[in-house]
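Novice: Below is one structure. I have some questions about it.
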Amino acid sequence: MELRKIAPQWVEVHLSGAELNGLGLSPREETHQEELAALAKAACSAVGIYLRHPTTQIKEDQEGGCTVLLQGQESLKGPLSRLEKEIPVAYAFEDVDQLIHGATRLFHRCSHRIRKSALYQVPHGWRLLLWPLDLREGVSLRVMDEYAPRCGQGPLAAAWLAEHGRLLVERDAVGLLSSYFS
């Protein structure tokens, strides 16, 4: 069995003719198509790909095998990998009032969804660096998107800020701003 993610919402699972024979399945039989779709979904889950409400297309190949195409929405469920928990997201603020309003609203609505936050001053404003616990769901990020544009993500964005920005608040910047200005 070969599994390839060909786009964010598309997964392709290929089964050879020998694999199909070993499982007693045929893509030509309608009763087996549900089993092939379930097998493809299980294979995706086993490698950490979660699709919501996938539609299935089964295409037979020349060698007696088949390809199962799954198309759906990327699921917000499924376990976060250790790396996903460590991904910071940077926001660019030019107006200090927007920064204060955004941080205050984020704290009141989503403080439980932020693992860590830091505040930097840069030549043309401020950068708020967030480590969200809900990266896939994006609830906390959608709140901040209303106040400022995202200007980077990941360890490189954090490293750039550490090198080029002046650190103002190292830990819990969102909570500190909210406590001062609520």
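Within each chain, counting starts at residue 1; across the structure tokens, chains are named A, B, ... in the order shown, with ligands numbered 1 upward in that order.
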Determine which residues of segment 81-174 of chain A receive a DSSP assignment of alpha helix (DSSP H), computed from the backbone, and state them as number ranges by chain.
Specialist: A: 82-85, 96-110, 139-145, 155-164, 173-174
Novice: If you count only C-alpha atoms, which residues fall within 8 Å of Tyr91 of chain A, apart from same-chain ones fewer than 6 positions away, as number ranges by chain?
Specialist: A: 127-129, 144, 148-152
Novice: Extract the full set of strand (DSSP E or B) residues from chain A according to DSSP on the backbone, and format it as an MDAnalysis selection string.
Specialist: chainID A and resid 2:7 10:15 51:60 66:74 89:93 114:122 125:132 150:153 166:169
Novice: Kindly provide the residues of segment 63-162 of chain A that approach segment 26-38 of chain A to within 12 Å, each paired with its closest atom pair and their distance in Å to one decimal, based on only C-alpha atoms, listed by chain and increasing number, as a tab-separated table.
Specialist:
```
residue	atom	partner	partner_atom	distance
A:Gly64	CA	A:Ser26	CA	8.6
A:Gly65	CA	A:Pro27	CA	8.1
A:Cys66	CA	A:Pro27	CA	6.8
A:Thr67	CA	A:Pro27	CA	9.1
A:Val68	CA	A:Ala37	CA	6.9
A:Leu69	CA	A:Ala37	CA	8.6
A:Leu70	CA	A:Ala37	CA	8.0
A:Gln71	CA	A:Ala37	CA	11.2
```
Novice: Mind dumping the selected residues with all heavy atoms as a PDB file, in the first residue's frame?
Specialist:
```pdb
ATOM      1  N   GLY A  64      -4.383  -4.542 -12.191  1.00  0.00           N
ATOM      2  CA  GLY A  64      -5.310  -5.188 -11.275  1.00  0.00           C
ATOM      3  C   GLY A  64      -5.401  -4.530  -9.907  1.00  0.00           C
ATOM      4  O   GLY A  64      -6.127  -4.995  -9.045  1.00  0.00           O
ATOM      5  N   GLY A  65      -4.663  -3.460  -9.710  1.00  0.00           N
ATOM      6  CA  GLY A  65      -4.724  -2.716  -8.459  1.00  0.00           C
ATOM      7  C   GLY A  65      -5.698  -1.557  -8.582  1.00  0.00           C
ATOM      8  O   GLY A  65      -6.437  -1.446  -9.564  1.00  0.00           O
ATOM      9  N   CYS A  66      -5.699  -0.697  -7.586  1.00  0.00           N
ATOM     10  CA  CYS A  66      -6.565   0.468  -7.660  1.00  0.00           C
ATOM     11  C   CYS A  66      -5.981   1.604  -6.832  1.00  0.00           C
ATOM     12  O   CYS A  66      -5.116   1.410  -5.979  1.00  0.00           O
ATOM     13  CB  CYS A  66      -7.979   0.144  -7.182  1.00  0.00           C
ATOM     14  SG  CYS A  66      -8.127  -0.129  -5.415  1.00  0.00           S
ATOM     15  N   THR A  67      -6.466   2.803  -7.124  1.00  0.00           N
ATOM     16  CA  THR A  67      -6.101   3.990  -6.371  1.00  0.00           C
ATOM     17  C   THR A  67      -7.378   4.542  -5.759  1.00  0.00           C
ATOM     18  O   THR A  67      -8.385   4.714  -6.451  1.00  0.00           O
ATOM     19  CB  THR A  67      -5.456   5.052  -7.286  1.00  0.00           C
ATOM     20  OG1 THR A  67      -4.269   4.490  -7.846  1.00  0.00           O
ATOM     21  CG2 THR A  67      -5.108   6.301  -6.511  1.00  0.00           C
ATOM     22  N   VAL A  68      -7.324   4.775  -4.460  1.00  0.00           N
ATOM     23  CA  VAL A  68      -8.456   5.359  -3.746  1.00  0.00           C
ATOM     24  C   VAL A  68      -8.089   6.817  -3.473  1.00  0.00           C
ATOM     25  O   VAL A  68      -7.096   7.106  -2.805  1.00  0.00           O
ATOM     26  CB  VAL A  68      -8.738   4.627  -2.416  1.00  0.00           C
ATOM     27  CG1 VAL A  68      -9.930   5.246  -1.700  1.00  0.00           C
ATOM     28  CG2 VAL A  68      -8.957   3.146  -2.653  1.00  0.00           C
ATOM     29  N   LEU A  69      -8.875   7.736  -4.029  1.00  0.00           N
ATOM     30  CA  LEU A  69      -8.669   9.165  -3.800  1.00  0.00           C
ATOM     31  C   LEU A  69      -9.661   9.627  -2.738  1.00  0.00           C
ATOM     32  O   LEU A  69     -10.864   9.417  -2.875  1.00  0.00           O
ATOM     33  CB  LEU A  69      -8.893   9.961  -5.082  1.00  0.00           C
ATOM     34  CG  LEU A  69      -7.892   9.750  -6.198  1.00  0.00           C
ATOM     35  CD1 LEU A  69      -8.374  10.425  -7.473  1.00  0.00           C
ATOM     36  CD2 LEU A  69      -6.548  10.296  -5.800  1.00  0.00           C
ATOM     37  N   LEU A  70      -9.136  10.240  -1.691  1.00  0.00           N
ATOM     38  CA  LEU A  70      -9.979  10.803  -0.643  1.00  0.00           C
ATOM     39  C   LEU A  70      -9.871  12.308  -0.716  1.00  0.00           C
ATOM     40  O   LEU A  70      -8.764  12.857  -0.740  1.00  0.00           O
ATOM     41  CB  LEU A  70      -9.525  10.329   0.739  1.00  0.00           C
ATOM     42  CG  LEU A  70      -9.601   8.832   1.019  1.00  0.00           C
ATOM     43  CD1 LEU A  70      -8.955   8.524   2.357  1.00  0.00           C
ATOM     44  CD2 LEU A  70     -11.037   8.372   1.013  1.00  0.00           C
ATOM     45  N   GLN A  71     -11.002  12.979  -0.774  1.00  0.00           N
ATOM     46  CA  GLN A  71     -11.018  14.438  -0.746  1.00  0.00           C
ATOM     47  C   GLN A  71     -11.932  14.871   0.382  1.00  0.00           C
ATOM     48  O   GLN A  71     -13.063  14.435   0.488  1.00  0.00           O
ATOM     49  CB  GLN A  71     -11.524  15.028  -2.055  1.00  0.00           C
ATOM     50  CG  GLN A  71     -11.547  16.545  -2.018  1.00  0.00           C
ATOM     51  CD  GLN A  71     -12.233  17.159  -3.222  1.00  0.00           C
ATOM     52  OE1 GLN A  71     -12.951  16.495  -3.947  1.00  0.00           O
ATOM     53  NE2 GLN A  71     -12.015  18.427  -3.420  1.00  0.00           N
TER      54      GLN A  71
END
```
